[in-house]
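Peer 1: My structure is below; once you've seen it, I'll send some questions.
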Amino acid sequence: MSIPHLLVIYVALALGALGAVGILSEFHRRRFGPAHPEDHVFRCHKCGFVYTDDADVDRSRCTQCGKLNEPIVF
């Protein structure tokens, strides 16, 4: 084999190994990473403050001004 062919094979193997490590680390991150919280997002109609609360809450009191608000539907 000539030197250019060996260099191409070396670079291809190195890039393939790097790609495999990247894909495996992404699978690992998705499997063991934190799940998205199931909180509702609220925006106060009085003061405009945006905040979150538990998913089992239908109406939540604003932490800034105390007004009850409905969750935002995206």
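Chains: A, B, ... in order of the structure tokens. Residues: from 1 per chain. Ligands: from 1, in order shown.
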Could you name the residues that touch stretch 63-71 of chain A at 8 Å or less, counting only C-alpha atoms, but leaving out those on the same chain fewer than 2 positions away, as a PyMOL selection string?

Peer 2: chain A and resi 40-47+49+58-61+73

Peer 1: Please, which residues of chain A, numbered as in this document, come out helix (DSSP H, G or I) from DSSP, as a PyMOL selection string?

Peer 2: chain A and resi 3-32

Peer 1: Measuring between only C-alpha atoms, which one of A:Ile72, A:Val11, A:Ala35, A:Ala17 shows the shortest distance to A:Thr52?

Peer 2: A:Ile72

Peer 1: Counting only C-alpha atoms, figure out which residue out of A:Phe27, A:Gly16, A:Glu38, A:Leu6 gets nearest to A:Ala55.

Peer 2: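 For A:Ala55, the nearest of the given residues is A:Glu38.
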
Peer 1: Return as a list in words the full set of residues in chain A whose backbone-based DSSP assignment is strand (DSSP E).

Peer 2: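 After running DSSP on the backbone, chain A has strand (DSSP E) at His40, Val41, Phe42, Arg43, Val50, Tyr51, Thr52, Asp53, Ser60, Arg61, Leu68 and Asn69 of chain A.
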